[in-house]
$ cat query.cif   # mmCIF, N, CA and C atoms
data_structure
loop_
_atom_site.group_PDB
_atom_site.id
_atom_site.type_symbol
_atom_site.label_atom_id
_atom_site.label_comp_id
_atom_site.auth_asym_id
_atom_site.auth_seq_id
_atom_site.Cartn_x
_atom_site.Cartn_y
_atom_site.Cartn_z
ATOM 1 N N MET N 120 0.852 -1.181 0.000
ATOM 2 C CA MET N 120 0.000 0.000 0.000
ATOM 3 C C MET N 120 0.895 1.240 0.000
ATOM 4 N N ASN N 121 0.629 2.146 -0.898
ATOM 5 C CA ASN N 121 1.353 3.410 -0.946
ATOM 6 C C ASN N 121 0.547 4.469 -0.211
ATOM 7 N N LEU N 122 1.097 4.934 0.899
ATOM 8 C CA LEU N 122 0.415 5.966 1.675
ATOM 9 C C LEU N 122 0.997 7.328 1.371
ATOM 10 N N HIS N 123 0.176 8.324 1.508
ATOM 11 C CA HIS N 123 0.616 9.703 1.419
ATOM 12 C C HIS N 123 0.820 10.208 2.842
ATOM 13 N N PRO N 124 1.520 11.310 3.008
ATOM 14 C CA PRO N 124 1.667 11.866 4.363
ATOM 15 C C PRO N 124 0.298 12.132 4.982
ATOM 16 N N PRO N 125 0.230 12.100 6.311
ATOM 17 C CA PRO N 125 -1.047 12.350 6.976
ATOM 18 C C PRO N 125 -1.601 13.724 6.624
ATOM 19 N N ARG N 126 -2.916 13.844 6.707
ATOM 20 C CA ARG N 126 -3.536 15.135 6.419
ATOM 21 C C ARG N 126 -4.688 15.370 7.393
ATOM 22 N N SER N 127 -4.972 16.604 7.610
ATOM 23 C CA SER N 127 -6.120 17.005 8.403
ATOM 24 C C SER N 127 -7.196 17.495 7.447
ATOM 25 N N ASP N 128 -8.414 17.044 7.702
ATOM 26 C CA ASP N 128 -9.526 17.452 6.852
ATOM 27 C C ASP N 128 -10.814 17.372 7.672
ATOM 28 N N SER N 129 -11.933 17.465 7.025
ATOM 29 C CA SER N 129 -13.196 17.444 7.765
ATOM 30 C C SER N 129 -13.417 16.103 8.472
ATOM 31 N N ASP N 130 -12.914 15.011 7.903
ATOM 32 C CA ASP N 130 -13.048 13.709 8.555
ATOM 33 C C ASP N 130 -12.265 13.669 9.868
ATOM 34 N N THR N 131 -11.025 14.142 9.841
ATOM 35 C CA THR N 131 -10.225 14.129 11.065
ATOM 36 C C THR N 131 -10.788 15.114 12.085
ATOM 37 N N PHE N 132 -11.290 16.242 11.614
ATOM 38 C CA PHE N 132 -11.904 17.202 12.539
ATOM 39 C C PHE N 132 -13.100 16.567 13.238
ATOM 40 N N ASP N 133 -13.945 15.891 12.455
ATOM 41 C CA ASP N 133 -15.127 15.246 13.041
ATOM 42 C C ASP N 133 -14.725 14.167 14.046
ATOM 43 N N ALA N 134 -13.690 13.397 13.733
ATOM 44 C CA ALA N 134 -13.236 12.343 14.644
ATOM 45 C C ALA N 134 -12.691 12.939 15.940
ATOM 46 N N ILE N 135 -11.893 14.005 15.834
ATOM 47 C CA ILE N 135 -11.349 14.657 17.030
ATOM 48 C C ILE N 135 -12.473 15.299 17.838
ATOM 49 N N ASP N 136 -13.412 15.920 17.157
ATOM 50 C CA ASP N 136 -14.533 16.544 17.853
ATOM 51 C C ASP N 136 -15.337 15.507 18.629
ATOM 52 N N ALA N 137 -15.580 14.356 18.018
ATOM 53 C CA ALA N 137 -16.320 13.286 18.699
ATOM 54 C C ALA N 137 -15.522 12.740 19.880
ATOM 55 N N ALA N 138 -14.220 12.540 19.677
ATOM 56 C CA ALA N 138 -13.375 12.038 20.765
ATOM 57 C C ALA N 138 -13.309 13.047 21.908
ATOM 58 N N LEU N 139 -13.212 14.308 21.576
ATOM 59 C CA LEU N 139 -13.162 15.369 22.585
ATOM 60 C C LEU N 139 -14.454 15.405 23.396
ATOM 61 N N THR N 140 -15.570 15.328 22.718
ATOM 62 C CA THR N 140 -16.867 15.324 23.404
ATOM 63 C C THR N 140 -17.015 14.090 24.293
ATOM 64 N N THR N 141 -16.613 12.940 23.782
ATOM 65 C CA THR N 141 -16.702 11.701 24.563
ATOM 66 C C THR N 141 -15.823 11.772 25.801
ATOM 67 N N LEU N 142 -14.593 12.242 25.649
ATOM 68 C CA LEU N 142 -13.685 12.325 26.791
ATOM 69 C C LEU N 142 -14.191 13.331 27.821
ATOM 70 N N ALA N 143 -14.720 14.454 27.367
ATOM 71 C CA ALA N 143 -15.290 15.441 28.297
ATOM 72 C C ALA N 143 -16.442 14.817 29.088
ATOM 73 N N ASP N 144 -17.285 14.059 28.407
ATOM 74 C CA ASP N 144 -18.398 13.394 29.096
ATOM 75 C C ASP N 144 -17.883 12.384 30.118
ATOM 76 N N LYS N 145 -16.892 11.579 29.737
ATOM 77 C CA LYS N 145 -16.355 10.562 30.642
ATOM 78 C C LYS N 145 -15.698 11.173 31.875
ATOM 79 N N ARG N 146 -15.076 12.335 31.691
ATOM 80 C CA ARG N 146 -14.391 12.996 32.808
ATOM 81 C C ARG N 146 -15.268 14.038 33.492
ATOM 82 N N ASN N 147 -16.512 14.133 33.040
ATOM 83 C CA ASN N 147 -17.451 15.096 33.609
ATOM 84 C C ASN N 147 -16.870 16.524 33.595
ATOM 85 N N MET N 148 -16.375 16.922 32.417
ATOM 86 C CA MET N 148 -15.779 18.245 32.239
ATOM 87 C C MET N 148 -16.576 19.029 31.201
ATOM 88 N N TRP N 149 -16.489 20.337 31.272
ATOM 89 C CA TRP N 149 -17.248 21.223 30.396
ATOM 90 C C TRP N 149 -16.357 21.787 29.300
ATOM 91 N N LEU N 150 -16.724 21.545 28.052
ATOM 92 C CA LEU N 150 -15.924 22.010 26.915
ATOM 93 C C LEU N 150 -15.991 23.515 26.690
ATOM 94 N N GLY N 151 -16.857 24.218 27.404
ATOM 95 C CA GLY N 151 -16.923 25.667 27.279
ATOM 96 C C GLY N 151 -15.763 26.375 27.955
ATOM 97 N N ASP N 152 -14.993 25.642 28.729
ATOM 98 C CA ASP N 152 -13.819 26.193 29.411
ATOM 99 C C ASP N 152 -12.590 25.888 28.555
ATOM 100 N N GLU N 153 -11.909 26.925 28.092
ATOM 101 C CA GLU N 153 -10.772 26.748 27.180
ATOM 102 C C GLU N 153 -9.663 25.909 27.802
ATOM 103 N N LEU N 154 -9.415 26.063 29.106
ATOM 104 C CA LEU N 154 -8.372 25.259 29.746
ATOM 105 C C LEU N 154 -8.753 23.778 29.761
ATOM 106 N N VAL N 155 -10.024 23.493 29.949
ATOM 107 C CA VAL N 155 -10.495 22.107 29.889
ATOM 108 C C VAL N 155 -10.273 21.558 28.485
ATOM 109 N N THR N 156 -10.622 22.345 27.479
ATOM 110 C CA THR N 156 -10.438 21.912 26.098
ATOM 111 C C THR N 156 -8.964 21.640 25.805
ATOM 112 N N ILE N 157 -8.074 22.513 26.245
ATOM 113 C CA ILE N 157 -6.636 22.304 26.061
ATOM 114 C C ILE N 157 -6.202 21.010 26.744
ATOM 115 N N HIS N 158 -6.652 20.826 27.988
ATOM 116 C CA HIS N 158 -6.305 19.618 28.746
ATOM 117 C C HIS N 158 -6.771 18.357 28.025
ATOM 118 N N LEU N 159 -8.017 18.364 27.559
ATOM 119 C CA LEU N 159 -8.565 17.184 26.902
ATOM 120 C C LEU N 159 -7.894 16.910 25.563
ATOM 121 N N LEU N 160 -7.643 17.946 24.771
ATOM 122 C CA LEU N 160 -6.941 17.755 23.495
ATOM 123 C C LEU N 160 -5.541 17.203 23.722
ATOM 124 N N THR N 161 -4.859 17.722 24.724
ATOM 125 C CA THR N 161 -3.513 17.232 25.031
ATOM 126 C C THR N 161 -3.555 15.776 25.476
ATOM 127 N N SER N 162 -4.570 15.409 26.240
ATOM 128 C CA SER N 162 -4.738 14.014 26.651
ATOM 129 C C SER N 162 -4.942 13.114 25.436
ATOM 130 N N LEU N 163 -5.764 13.547 24.493
ATOM 131 C CA LEU N 163 -5.999 12.764 23.281
ATOM 132 C C LEU N 163 -4.728 12.639 22.438
ATOM 133 N N ILE N 164 -3.983 13.724 22.311
ATOM 134 C CA ILE N 164 -2.737 13.702 21.548
ATOM 135 C C ILE N 164 -1.748 12.734 22.186
ATOM 136 N N ASP N 165 -1.596 12.819 23.518
ATOM 137 C CA ASP N 165 -0.671 11.937 24.223
ATOM 138 C C ASP N 165 -1.067 10.477 24.020
ATOM 139 N N GLN N 166 -2.358 10.181 24.155
ATOM 140 C CA GLN N 166 -2.806 8.796 23.982
ATOM 141 C C GLN N 166 -2.588 8.320 22.560
ATOM 142 N N ALA N 167 -2.863 9.160 21.578
ATOM 143 C CA ALA N 167 -2.658 8.785 20.173
ATOM 144 C C ALA N 167 -1.186 8.489 19.911
ATOM 145 N N GLN N 168 -0.292 9.291 20.476
ATOM 146 C CA GLN N 168 1.143 9.042 20.304
ATOM 147 C C GLN N 168 1.547 7.714 20.929
ATOM 148 N N ARG N 169 0.985 7.398 22.101
ATOM 149 C CA ARG N 169 1.268 6.107 22.739
ATOM 150 C C ARG N 169 0.772 4.952 21.876
ATOM 151 N N CYS N 170 -0.356 5.148 21.218
ATOM 152 C CA CYS N 170 -0.935 4.091 20.397
ATOM 153 C C CYS N 170 -0.116 3.802 19.142
ATOM 154 N N LEU N 171 0.765 4.694 18.753
ATOM 155 C CA LEU N 171 1.592 4.484 17.566
ATOM 156 C C LEU N 171 2.681 3.435 17.779
ATOM 157 N N THR N 172 3.177 3.301 18.992
ATOM 158 C CA THR N 172 4.326 2.435 19.244
ATOM 159 C C THR N 172 4.079 1.003 18.793
ATOM 160 N N GLU N 173 2.992 0.412 19.230
ATOM 161 C CA GLU N 173 2.743 -1.006 18.926
ATOM 162 C C GLU N 173 2.623 -1.292 17.431
ATOM 163 N N PRO N 174 1.799 -0.553 16.661
ATOM 164 C CA PRO N 174 1.720 -0.884 15.235
ATOM 165 C C PRO N 174 3.029 -0.606 14.485
ATOM 166 N N ILE N 175 3.810 0.342 14.962
ATOM 167 C CA ILE N 175 5.095 0.593 14.298
ATOM 168 C C ILE N 175 6.057 -0.562 14.549
ATOM 169 N N VAL N 176 6.125 -1.035 15.796
ATOM 170 C CA VAL N 176 6.976 -2.191 16.101
ATOM 171 C C VAL N 176 6.522 -3.400 15.283
ATOM 172 N N THR N 177 5.219 -3.624 15.213
ATOM 173 C CA THR N 177 4.685 -4.753 14.448
ATOM 174 C C THR N 177 4.961 -4.590 12.959
ATOM 175 N N ALA N 178 4.805 -3.382 12.445
ATOM 176 C CA ALA N 178 5.099 -3.126 11.023
ATOM 177 C C ALA N 178 6.554 -3.452 10.706
ATOM 178 N N ARG N 179 7.448 -3.040 11.573
ATOM 179 C CA ARG N 179 8.876 -3.336 11.357
ATOM 180 C C ARG N 179 9.118 -4.846 11.361
ATOM 181 N N LEU N 180 8.478 -5.565 12.284
ATOM 182 C CA LEU N 180 8.621 -7.032 12.335
ATOM 183 C C LEU N 180 8.076 -7.682 11.062
ATOM 184 N N ASN N 181 7.133 -7.013 10.408
ATOM 185 C CA ASN N 181 6.546 -7.517 9.159
ATOM 186 C C ASN N 181 7.248 -6.993 7.916
ATOM 187 N N GLY N 182 8.406 -6.367 8.098
ATOM 188 C CA GLY N 182 9.225 -5.955 6.957
ATOM 189 C C GLY N 182 8.935 -4.590 6.384
ATOM 190 N N ILE N 183 8.131 -3.792 7.048
ATOM 191 C CA ILE N 183 7.854 -2.441 6.560
ATOM 192 C C ILE N 183 9.089 -1.577 6.818
ATOM 193 N N SER N 184 9.485 -0.798 5.830
ATOM 194 C CA SER N 184 10.702 0.007 5.940
ATOM 195 C C SER N 184 10.461 1.282 6.758
ATOM 196 N N TRP N 185 11.576 1.832 7.258
ATOM 197 C CA TRP N 185 11.483 3.117 7.960
ATOM 198 C C TRP N 185 11.020 4.211 7.011
ATOM 199 N N ASP N 186 11.353 4.107 5.722
ATOM 200 C CA ASP N 186 10.874 5.092 4.743
ATOM 201 C C ASP N 186 9.349 5.079 4.653
ATOM 202 N N GLN N 187 8.748 3.883 4.599
ATOM 203 C CA GLN N 187 7.295 3.774 4.520
ATOM 204 C C GLN N 187 6.630 4.268 5.811
ATOM 205 N N ILE N 188 7.205 3.892 6.940
ATOM 206 C CA ILE N 188 6.655 4.332 8.223
ATOM 207 C C ILE N 188 6.765 5.848 8.342
ATOM 208 N N ALA N 189 7.890 6.404 7.938
ATOM 209 C CA ALA N 189 8.091 7.854 8.006
ATOM 210 C C ALA N 189 7.058 8.592 7.160
ATOM 211 N N THR N 190 6.759 8.074 5.983
ATOM 212 C CA THR N 190 5.740 8.694 5.137
ATOM 213 C C THR N 190 4.385 8.688 5.844
ATOM 214 N N ALA N 191 4.034 7.548 6.441
ATOM 215 C CA ALA N 191 2.751 7.453 7.154
ATOM 216 C C ALA N 191 2.710 8.405 8.348
ATOM 217 N N LEU N 192 3.872 8.632 8.980
ATOM 218 C CA LEU N 192 3.951 9.536 10.129
ATOM 219 C C LEU N 192 4.091 11.004 9.731
ATOM 220 N N GLY N 193 4.473 11.253 8.491
ATOM 221 C CA GLY N 193 4.711 12.633 8.058
ATOM 222 C C GLY N 193 6.017 13.181 8.598
ATOM 223 N N THR N 194 7.041 12.331 8.667
ATOM 224 C CA THR N 194 8.338 12.744 9.192
ATOM 225 C C THR N 194 9.437 12.077 8.375
ATOM 226 N N SER N 195 10.677 12.215 8.801
ATOM 227 C CA SER N 195 11.789 11.586 8.101
ATOM 228 C C SER N 195 12.030 10.181 8.652
ATOM 229 N N PRO N 196 12.669 9.315 7.855
ATOM 230 C CA PRO N 196 13.002 7.988 8.358
ATOM 231 C C PRO N 196 13.891 8.036 9.604
ATOM 232 N N ALA N 197 14.827 8.970 9.641
ATOM 233 C CA ALA N 197 15.716 9.079 10.808
ATOM 234 C C ALA N 197 14.916 9.439 12.060
ATOM 235 N N GLU N 198 13.980 10.385 11.942
ATOM 236 C CA GLU N 198 13.157 10.765 13.092
ATOM 237 C C GLU N 198 12.261 9.616 13.526
ATOM 238 N N ALA N 199 11.684 8.915 12.575
ATOM 239 C CA ALA N 199 10.828 7.770 12.906
ATOM 240 C C ALA N 199 11.629 6.713 13.655
ATOM 241 N N TYR N 200 12.816 6.414 13.157
ATOM 242 C CA TYR N 200 13.683 5.434 13.811
ATOM 243 C C TYR N 200 14.027 5.871 15.236
ATOM 244 N N LEU N 201 14.464 7.116 15.390
ATOM 245 C CA LEU N 201 14.864 7.589 16.717
ATOM 246 C C LEU N 201 13.722 7.562 17.716
ATOM 247 N N ARG N 202 12.522 7.782 17.255
ATOM 248 C CA ARG N 202 11.395 7.822 18.181
ATOM 249 C C ARG N 202 10.803 6.452 18.475
ATOM 250 N N TYR N 203 10.838 5.551 17.488
ATOM 251 C CA TYR N 203 10.075 4.318 17.639
ATOM 252 C C TYR N 203 10.874 3.020 17.599
ATOM 253 N N ASP N 204 12.126 3.019 17.204
ATOM 254 C CA ASP N 204 12.884 1.769 17.240
ATOM 255 C C ASP N 204 13.241 1.450 18.688
ATOM 256 N N PRO N 205 12.868 0.263 19.175
ATOM 257 C CA PRO N 205 13.138 -0.063 20.575
ATOM 258 C C PRO N 205 14.614 0.017 20.955
ATOM 259 N N GLU N 206 15.495 -0.104 19.975
ATOM 260 C CA GLU N 206 16.937 -0.032 20.246
ATOM 261 C C GLU N 206 17.476 1.395 20.264
ATOM 262 N N ALA N 207 16.697 2.349 19.775
ATOM 263 C CA ALA N 207 17.153 3.746 19.732
ATOM 264 C C ALA N 207 17.135 4.336 21.146
ATOM 265 N N PRO N 208 18.149 5.132 21.482
ATOM 266 C CA PRO N 208 18.213 5.701 22.831
ATOM 267 C C PRO N 208 17.099 6.704 23.132
ATOM 268 N N THR N 209 16.464 7.223 22.112
ATOM 269 C CA THR N 209 15.411 8.222 22.307
ATOM 270 C C THR N 209 14.018 7.665 22.054
ATOM 271 N N ALA N 210 13.899 6.349 21.935
ATOM 272 C CA ALA N 210 12.612 5.728 21.595
ATOM 273 C C ALA N 210 11.565 5.996 22.662
ATOM 274 N N ASP N 211 10.334 6.181 22.201
ATOM 275 C CA ASP N 211 9.192 6.323 23.093
ATOM 276 C C ASP N 211 8.694 4.912 23.391
ATOM 277 N N GLY N 212 9.053 4.390 24.541
ATOM 278 C CA GLY N 212 8.717 3.025 24.888
ATOM 279 C C GLY N 212 7.392 2.874 25.588
ATOM 280 N N ARG N 213 6.616 3.959 25.688
ATOM 281 C CA ARG N 213 5.319 3.865 26.357
ATOM 282 C C ARG N 213 4.350 3.056 25.508
ATOM 283 N N TRP N 214 3.511 2.276 26.173
ATOM 284 C CA TRP N 214 2.487 1.513 25.495
ATOM 285 C C TRP N 214 1.144 2.177 25.741
ATOM 286 N N PRO N 215 0.132 1.826 24.970
ATOM 287 C CA PRO N 215 -1.152 2.533 25.063
ATOM 288 C C PRO N 215 -1.721 2.660 26.477
ATOM 289 N N LEU N 216 -1.618 1.632 27.283
ATOM 290 C CA LEU N 216 -2.174 1.704 28.629
ATOM 291 C C LEU N 216 -1.062 1.455 29.639
ATOM 292 N N ASP N 217 -0.150 2.393 29.735
ATOM 293 C CA ASP N 217 1.003 2.297 30.632
ATOM 294 C C ASP N 217 0.786 3.272 31.780
ATOM 295 N N PRO N 218 0.259 2.817 32.907
ATOM 296 C CA PRO N 218 -0.088 3.745 33.995
ATOM 297 C C PRO N 218 1.115 4.415 34.661
ATOM 298 N N ASP N 219 2.307 3.877 34.440
ATOM 299 C CA ASP N 219 3.490 4.457 35.086
ATOM 300 C C ASP N 219 4.081 5.614 34.292
ATOM 301 N N ASN N 220 3.588 5.837 33.075
ATOM 302 C CA ASN N 220 4.140 6.911 32.234
ATOM 303 C C ASN N 220 3.032 7.788 31.734
#

$ encode --input "query.cif" --output "structure tokens"
Amino acid sequence: MNLHPPRSDSDTFDAIDAALTTLADKRNMWLGDELVTIHLLTSLIDQAQRCLTEPIVTARLNGISWDQIATALGTSPAEAYLRYDPEAPTADGRWPLDPDN
């Protein structure tokens, strides 16, 4: 599969809006407060970044190149490697549900 770099559009906006509303409801928070909105968006971003680790590790085990992964991430192969290769000193080793991090 040939992927293009990630993009933001009305589909991604709708997905983020739904996730934001759902998270606000679960945490019993009001989206009319800008600080709450910042907090919730940051929580979603952090969780999404954590969710990237597992499929990237699995993709590498399945022979996907750093060039292909970098394109899907919208970054360079070197940056993708440094962030997600378990052997890299700067790798983000957090997993999706890691309560200690």

$ residues_near_point --input "query.cif" --point "(-0.2, 3.3, 9.9)" --cutoff "7 Å" --atoms "only N, CA and C atoms" --output "tab-separated table (two decimals) with N, CA and C atoms, keeping the file's coordinate frame"
chain	number	residue	atom	x	y	z
N	174	PRO	N	1.80	-0.55	16.66
N	174	PRO	CA	1.72	-0.88	15.24
N	174	PRO	C	3.03	-0.61	14.48
N	191	ALA	N	4.03	7.55	6.44
N	191	ALA	CA	2.75	7.45	7.15
N	191	ALA	C	2.71	8.40	8.35
N	192	LEU	N	3.87	8.63	8.98
N	192	LEU	CA	3.95	9.54	10.13
N	192	LEU	C	4.09	11.00	9.73

$ select_by_dssp --input "query.cif" --residues "chain N" --states "helix (DSSP H, G or I)" --output "PyMOL selection string"
chain N and resi 129-145+153-180+185-192+196-203

$ closest_residue --input "query.cif" --among "N:Ile135, N:Ala199, N:Leu180, N:Met148" --to "N:Ala167" --atoms "only C-alpha atoms"
N:Ile135

$ residues_around --input "query.cif" --residues "N:Glu198" --least-positions-apart "5" --cutoff "8 Å" --atoms "all atoms listed in the file" --output "MDAnalysis selection string"
chainID N and resid 189 203:204

$ atom_distance --input "query.cif" --atom1 "atom CA of N:Pro125" --atom2 "atom CA of N:Ala143"
25.8 Å

$ atom_distance --input "query.cif" --atom1 "atom CA of N:Leu171" --atom2 "atom N of N:Thr131"
17.7 Å

$ axis_aligned_box --input "query.cif" --around "stretch 122-136 of chain N" --padding-each-side "4 Å" --output "lines of an AutoDock Vina configuration file"
center_x = -6.8
center_y = 11.2
center_z = 9.8
size_x = 25.0
size_y = 20.6
size_z = 25.7

$ atom_distance --input "query.cif" --atom1 "atom CA of N:Thr172" --atom2 "atom N of N:Arg202"
10.0 Å

$ residues_around --input "query.cif" --residues "N:Gln187" --least-positions-apart "6" --cutoff "12 Å" --atoms "only C-alpha atoms" --output "list in words"
Met120, Asn121, Leu122, His123, Pro124, Ile175, Ala178, Arg179, Gly193, Thr194, Ser195, Pro196, Ala197, Ala199 and Tyr200 of chain N

$ residues_around --input "query.cif" --residues "N:Glu173" --least-positions-apart "4" --cutoff "9 Å" --atoms "only C-alpha atoms" --output "list in words"
Arg169, Thr177, Ala178, Trp214 and Pro215 of chain N

$ decode --input "query.cif" --residues "stretch 124-220 of chain N" --atoms "C-alpha atoms" --output "compact mmCIF listing (two decimals), in the first residue's frame"
# COMPACT_ATOMS: atom_id res chain seq x y z
CA PRO N 124 1.67 11.87 4.36
CA PRO N 125 -1.05 12.35 6.98
CA ARG N 126 -3.54 15.13 6.42
CA SER N 127 -6.12 17.00 8.40
CA ASP N 128 -9.53 17.45 6.85
CA SER N 129 -13.20 17.44 7.77
CA ASP N 130 -13.05 13.71 8.56
CA THR N 131 -10.22 14.13 11.06
CA PHE N 132 -11.90 17.20 12.54
CA ASP N 133 -15.13 15.25 13.04
CA ALA N 134 -13.24 12.34 14.64
CA ILE N 135 -11.35 14.66 17.03
CA ASP N 136 -14.53 16.54 17.85
CA ALA N 137 -16.32 13.29 18.70
CA ALA N 138 -13.38 12.04 20.76
CA LEU N 139 -13.16 15.37 22.58
CA THR N 140 -16.87 15.32 23.40
CA THR N 141 -16.70 11.70 24.56
CA LEU N 142 -13.69 12.33 26.79
CA ALA N 143 -15.29 15.44 28.30
CA ASP N 144 -18.40 13.39 29.10
CA LYS N 145 -16.35 10.56 30.64
CA ARG N 146 -14.39 13.00 32.81
CA ASN N 147 -17.45 15.10 33.61
CA MET N 148 -15.78 18.24 32.24
CA TRP N 149 -17.25 21.22 30.40
CA LEU N 150 -15.92 22.01 26.91
CA GLY N 151 -16.92 25.67 27.28
CA ASP N 152 -13.82 26.19 29.41
CA GLU N 153 -10.77 26.75 27.18
CA LEU N 154 -8.37 25.26 29.75
CA VAL N 155 -10.49 22.11 29.89
CA THR N 156 -10.44 21.91 26.10
CA ILE N 157 -6.64 22.30 26.06
CA HIS N 158 -6.31 19.62 28.75
CA LEU N 159 -8.56 17.18 26.90
CA LEU N 160 -6.94 17.75 23.50
CA THR N 161 -3.51 17.23 25.03
CA SER N 162 -4.74 14.01 26.65
CA LEU N 163 -6.00 12.76 23.28
CA ILE N 164 -2.74 13.70 21.55
CA ASP N 165 -0.67 11.94 24.22
CA GLN N 166 -2.81 8.80 23.98
CA ALA N 167 -2.66 8.78 20.17
CA GLN N 168 1.14 9.04 20.30
CA ARG N 169 1.27 6.11 22.74
CA CYS N 170 -0.93 4.09 20.40
CA LEU N 171 1.59 4.48 17.57
CA THR N 172 4.33 2.43 19.24
CA GLU N 173 2.74 -1.01 18.93
CA PRO N 174 1.72 -0.88 15.23
CA ILE N 175 5.09 0.59 14.30
CA VAL N 176 6.98 -2.19 16.10
CA THR N 177 4.69 -4.75 14.45
CA ALA N 178 5.10 -3.13 11.02
CA ARG N 179 8.88 -3.34 11.36
CA LEU N 180 8.62 -7.03 12.33
CA ASN N 181 6.55 -7.52 9.16
CA GLY N 182 9.22 -5.96 6.96
CA ILE N 183 7.85 -2.44 6.56
CA SER N 184 10.70 0.01 5.94
CA TRP N 185 11.48 3.12 7.96
CA ASP N 186 10.87 5.09 4.74
CA GLN N 187 7.29 3.77 4.52
CA ILE N 188 6.65 4.33 8.22
CA ALA N 189 8.09 7.85 8.01
CA THR N 190 5.74 8.69 5.14
CA ALA N 191 2.75 7.45 7.15
CA LEU N 192 3.95 9.54 10.13
CA GLY N 193 4.71 12.63 8.06
CA THR N 194 8.34 12.74 9.19
CA SER N 195 11.79 11.59 8.10
CA PRO N 196 13.00 7.99 8.36
CA ALA N 197 15.72 9.08 10.81
CA GLU N 198 13.16 10.77 13.09
CA ALA N 199 10.83 7.77 12.91
CA TYR N 200 13.68 5.43 13.81
CA LEU N 201 14.86 7.59 16.72
CA ARG N 202 11.40 7.82 18.18
CA TYR N 203 10.07 4.32 17.64
CA ASP N 204 12.88 1.77 17.24
CA PRO N 205 13.14 -0.06 20.57
CA GLU N 206 16.94 -0.03 20.25
CA ALA N 207 17.15 3.75 19.73
CA PRO N 208 18.21 5.70 22.83
CA THR N 209 15.41 8.22 22.31
CA ALA N 210 12.61 5.73 21.60
CA ASP N 211 9.19 6.32 23.09
CA GLY N 212 8.72 3.02 24.89
CA ARG N 213 5.32 3.87 26.36
CA TRP N 214 2.49 1.51 25.49
CA PRO N 215 -1.15 2.53 25.06
CA LEU N 216 -2.17 1.70 28.63
CA ASP N 217 1.00 2.30 30.63
CA PRO N 218 -0.09 3.74 34.00
CA ASP N 219 3.49 4.46 35.09
CA ASN N 220 4.14 6.91 32.23
